Every structure is written in C-alpha cells, then in structure tokens.
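Peer 1: This is the structure, below, for whatever I ask next.
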Amino acid sequence: MAPDTGLVAGIDLGGTKIQTTVFDAQWSVVNSKRSSTPDSVYQELLQVLAEHIDWASNTDNTRQIPVGIGVPGIIDTRTARLRTANLCADGQTIGKDLNDLTGRSAALINDCKAFALAEACLGSATGYQSVLGISIGTGIAGGLVINKTLLPDANGMAGEFGHMAIPATTLSKYNLPVLPCGCGNHGCYETFVCGPGFERFAAHMENAGHATVSDWIERFNAGDTAAVKVTHRWFELLAEMTYQLTLCYDPDCIVFGGGISNYPDFIRLLNQAFGKLNRLTSNTPAFTLALASEHSGAKGAALFASGQHQATQQLR
C-alpha cells in the first residue's frame, strides 16, 4: 500500500508531543516536524495541528497529499467525537474542526490501531495474513489487520483489549484486588497489564513499595528471586489476556509494541506462559516484537490516510 501521489504524511498526536512525518512512495522519511502538544486549550491544539497539516502539504507544493492523524482515544464512528483522557479534546469533533480550519480533510485513526497497521504492512508482521497488534504502554490496546487492511468497527471500540475484565479465577489465583479503571469499570486488564499496571502488580505480589518497571528489569537481569517470580506471574497474566484474544480472533501473528515490550526475554516468557493455557490446538500464533522506529505511529496514520485516499479516488 504505497501512496499513489508519491508523498503521504502521518501525524503522531501524543499527550506531550506532535510528530509529523512525510514519506515517499518507498516509505522513506522525506521530512519531519515536531511540536509540543498544547495541554489545556482545544483551539490551540487545533491551530498547531493545522500548522502541521499545512507544513506537510507544502512539502510537495500541493494541498492534495493524504494526511493521517493517529490519536490516543476512541473515535466514535457515528458522531465523529473523540473520547480521550490524554488530550484537551475530549468530546470534540476534531476531524471536522480541522477540516473547517484548514479546508482539507485528514484521516483520523486510533494510535494503537495505527501501530498495528504499520507493523502488519511495513514492520515485523509483514508476510502474515491476519495480524493482531498489541501496544503495551501507559495503557493497552491495538487492532486486527486482515490482508493489510484494518478491520473496521461500528463504534470505534475494537482493539480496546485493556478494558476486558480479568476472569474471577485469575483474580483469585493471584489474590488480586478488583481495582477501578480509567474507563469507569472495575477489574479491567489494564489495571495490571500495562506499564503502570506491571508496577502495581509487582507491588501487590511482593507487598513492596513503589518500584519502576526499569527497577524490576534490573533486578530480573541480576537473578533476584522476587523479581523472577513477579516477572513469570505477570507474563502469565499477559498470556491469559492474549489467549482470550486468540480464542476471539485466531490470528496468524501477534505483534507487541510499547515500552514494556522491551522487557528482557519478552517473547520466550510469553510463549512459555501461553503454552500452559493453549489446550485446544497444538498450533499457536507467531509472537513477534515491533520493529523499533520513532516514526512508526506516523507511518501507521499515513498508511491509513493513503488507503482512504486511494478508495476516494476510485469512487470518483
């Protein structure tokens, strides 16, 4: 899926920074621009995004190149409103408002779905027919890509794996508390299976004070008994969630990204824990880690925009 105009732009919109990257037909970086994300005034956020869109368009001296924006949150496909906890844009129709401000449309996609699309089309999961992308950072979410096309969803909620409930048997096994989640429910996987969740899980298992993921990794690498036990049990929890997703989607490949995917021996530890759960078949999906790239979020958004642009052109 290459940009048919020669150039395509992706905007990685995060809570602290906005990174815009222009790619050529071979998906090499042509140019890149970074700004801080306005954190309190919505109109200021729109203005900075508009400047990025204009900047990207001027790369080719045209306003016709596809532009995609990866956003942290759920985009309601019916109302076009954004649900987000990380931007001063909660409840806003950011796509429409940018269109009104700039006079051109930008394709919006959830940032974790953008990650899944980038890895399935251009990353470590190329060559697989069905790819499930799971990004584990401050939260956990992703997307399902079939034949290099992101699976459409009715309400923008697909891929919000972190808000599935942890089974009662699993909570009981580790004596885990049922904690409130940022989504408003209780007992979601995200309360324990994400970066902050790992730290919360480790503190609970060892009755320890606050320690960062980096602290636990350092102790794990040193062979610390408590850290080894915490690590294996946390991967059992991650494997439980992964197994549930496999029962739903049965993908060829599952690709993991996000900060905690850098944990030492990630794939080996997950395979080991997953194997204890998988009793229905001798086959398991291929587990892989995302290709490290500072432009991956923008690349996924650009891929999405390129696909939408080509579809629009075919309808004309």
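By convention here, the chains of the structure tokens are called A, B, ... in the order presented, each chain's residues are numbered starting at 1, and ligands are numbered starting at 1 in the order presented.
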When you look at region 176-188 of chain A with a cut-off of 10 Å (counting only C-alpha atoms), what residues show up, excluding the ones that are within fewer than 4 positions of it in the same chain? I need them as a list of chain:residue names.
Peer 2: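 The residues satisfying every condition are A:Ala85, A:Gly139, A:Phe161, A:Gly162, A:His163, A:Met164, A:Ala165, A:Ile166, A:Pro167, A:Ala168, A:Thr170, A:Leu171, A:Ser172, A:Phe192, A:Val193, A:Phe201, A:His204, A:Met205.
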Peer 1: Region 89-141 of chain A near region 250-267 of chain A within 7 Å: what's each residue's closest atom pair and its distance in Å to one decimal, counting only C-alpha atoms, ordered by chain then ascending residue number, as JSON lines?
Peer 2:
{"residue": "A:Ala125", "atom": "CA", "partner": "A:Val255", "partner_atom": "CA", "distance": 6.7}
{"residue": "A:Tyr128", "atom": "CA", "partner": "A:Asp252", "partner_atom": "CA", "distance": 6.2}
{"residue": "A:Gln129", "atom": "CA", "partner": "A:Asp252", "partner_atom": "CA", "distance": 6.6}
{"residue": "A:Ser130", "atom": "CA", "partner": "A:Pro251", "partner_atom": "CA", "distance": 5.1}
{"residue": "A:Val131", "atom": "CA", "partner": "A:Cys253", "partner_atom": "CA", "distance": 4.9}
{"residue": "A:Leu132", "atom": "CA", "partner": "A:Ile254", "partner_atom": "CA", "distance": 4.7}
{"residue": "A:Gly133", "atom": "CA", "partner": "A:Val255", "partner_atom": "CA", "distance": 4.9}
{"residue": "A:Ile134", "atom": "CA", "partner": "A:Phe256", "partner_atom": "CA", "distance": 4.9}
{"residue": "A:Ser135", "atom": "CA", "partner": "A:Gly257", "partner_atom": "CA", "distance": 4.5}
{"residue": "A:Ile136", "atom": "CA", "partner": "A:Gly258", "partner_atom": "CA", "distance": 4.6}
{"residue": "A:Gly137", "atom": "CA", "partner": "A:Gly258", "partner_atom": "CA", "distance": 4.8}
Peer 1: Go through A:Leu277, A:Leu144, A:Ile75, A:Ala50 and flag the residue nearest Ala106 (chain A), using only C-alpha atoms for the distances.
Peer 2: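 Residue with the minimum atom-to-atom distance to Ala106 (chain A): A:Ala50.
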Peer 1: Quick one: of A:Asn86, A:Asp60, A:Ile94, A:Ser296, who's nearest to Lys113 (chain A), counting only C-alpha atoms?
Peer 2: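 Ranked by minimum distance to Lys113 (chain A), first place goes to A:Ser296.
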Peer 1: Could you check which of A:Arg279, A:Ala227, A:Gln272, A:Asp24 is closest to Leu247 (chain A), using only C-alpha atoms?
Peer 2: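 Residue with the minimum atom-to-atom distance to Leu247 (chain A): A:Arg279.
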Peer 1: Under the rule that only C-alpha atoms are counted, which of A:Leu117, A:Gly297, A:Asp39, A:Thr169 is the nearest residue to Val145 (chain A)?
Peer 2: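 Of A:Leu117, A:Gly297, A:Asp39, A:Thr169, the one nearest Val145 (chain A) is A:Leu117, counting only C-alpha atoms.
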Peer 1: Would you pick out the contacts of Lys229 (chain A) at 10 Å or less, using only C-alpha atoms, so that residues sharing its chain but fewer than 3 positions from it are not included, and give the list as a ChimeraX atom specification?
Peer 2: /A:202,205-206,220,224-226,232-234
Peer 1: Since we have the selection now, will you write its residues out, keeping C-alpha atoms, as a PDB file, in the first residue's frame?
Peer 2:
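Contents of result28.pdb, as written:
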ATOM      1  CA  ALA A 202       4.633  -6.259  41.307  1.00  0.00           C
ATOM      2  CA  MET A 205       2.683  -9.592  44.710  1.00  0.00           C
ATOM      3  CA  GLU A 206       5.711  -8.678  46.794  1.00  0.00           C
ATOM      4  CA  PHE A 220      15.312  -9.636  36.987  1.00  0.00           C
ATOM      5  CA  ASP A 224      16.761 -11.580  42.014  1.00  0.00           C
ATOM      6  CA  THR A 225      14.329 -14.254  43.222  1.00  0.00           C
ATOM      7  CA  ALA A 226      11.425 -11.896  43.888  1.00  0.00           C
ATOM      8  CA  HIS A 232       6.826 -15.001  35.437  1.00  0.00           C
ATOM      9  CA  ARG A 233       3.477 -14.352  37.106  1.00  0.00           C
ATOM     10  CA  TRP A 234       2.921 -11.100  35.224  1.00  0.00           C
TER      11      TRP A 234
END
Peer 1: What is the CA of Gly15 (chain A) to CA of Leu245 (chain A) distance in Å?
Peer 2: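 Separation between CA of Gly15 (chain A) and CA of Leu245 (chain A): 27.8 Å.
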Peer 1: From region 116-281 of chain A, collect each residue whose DSSP state is helix (DSSP H, G or I) and return the set as a VMD selection string.
Peer 2: chain A and resid 116 to 122 161 to 163 168 to 173 189 to 191 195 to 206 213 to 221 225 to 249 259 to 262 266 to 275
Peer 1: So, counting only C-alpha atoms, which residue among A:Leu101, A:Leu49, A:Val228, A:Leu108 is closest to Lys17 (chain A)?
Peer 2: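 Among A:Leu101, A:Leu49, A:Val228, A:Leu108, it is A:Leu49 that comes nearest to Lys17 (chain A).
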Peer 1: Which is closest to Ile146 (chain A) among A:Gln43, A:Ala301, A:Leu98, A:Tyr249, if we use only C-alpha atoms?
Peer 2: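 Answer, going by the shortest atom-to-atom distance: A:Tyr249.
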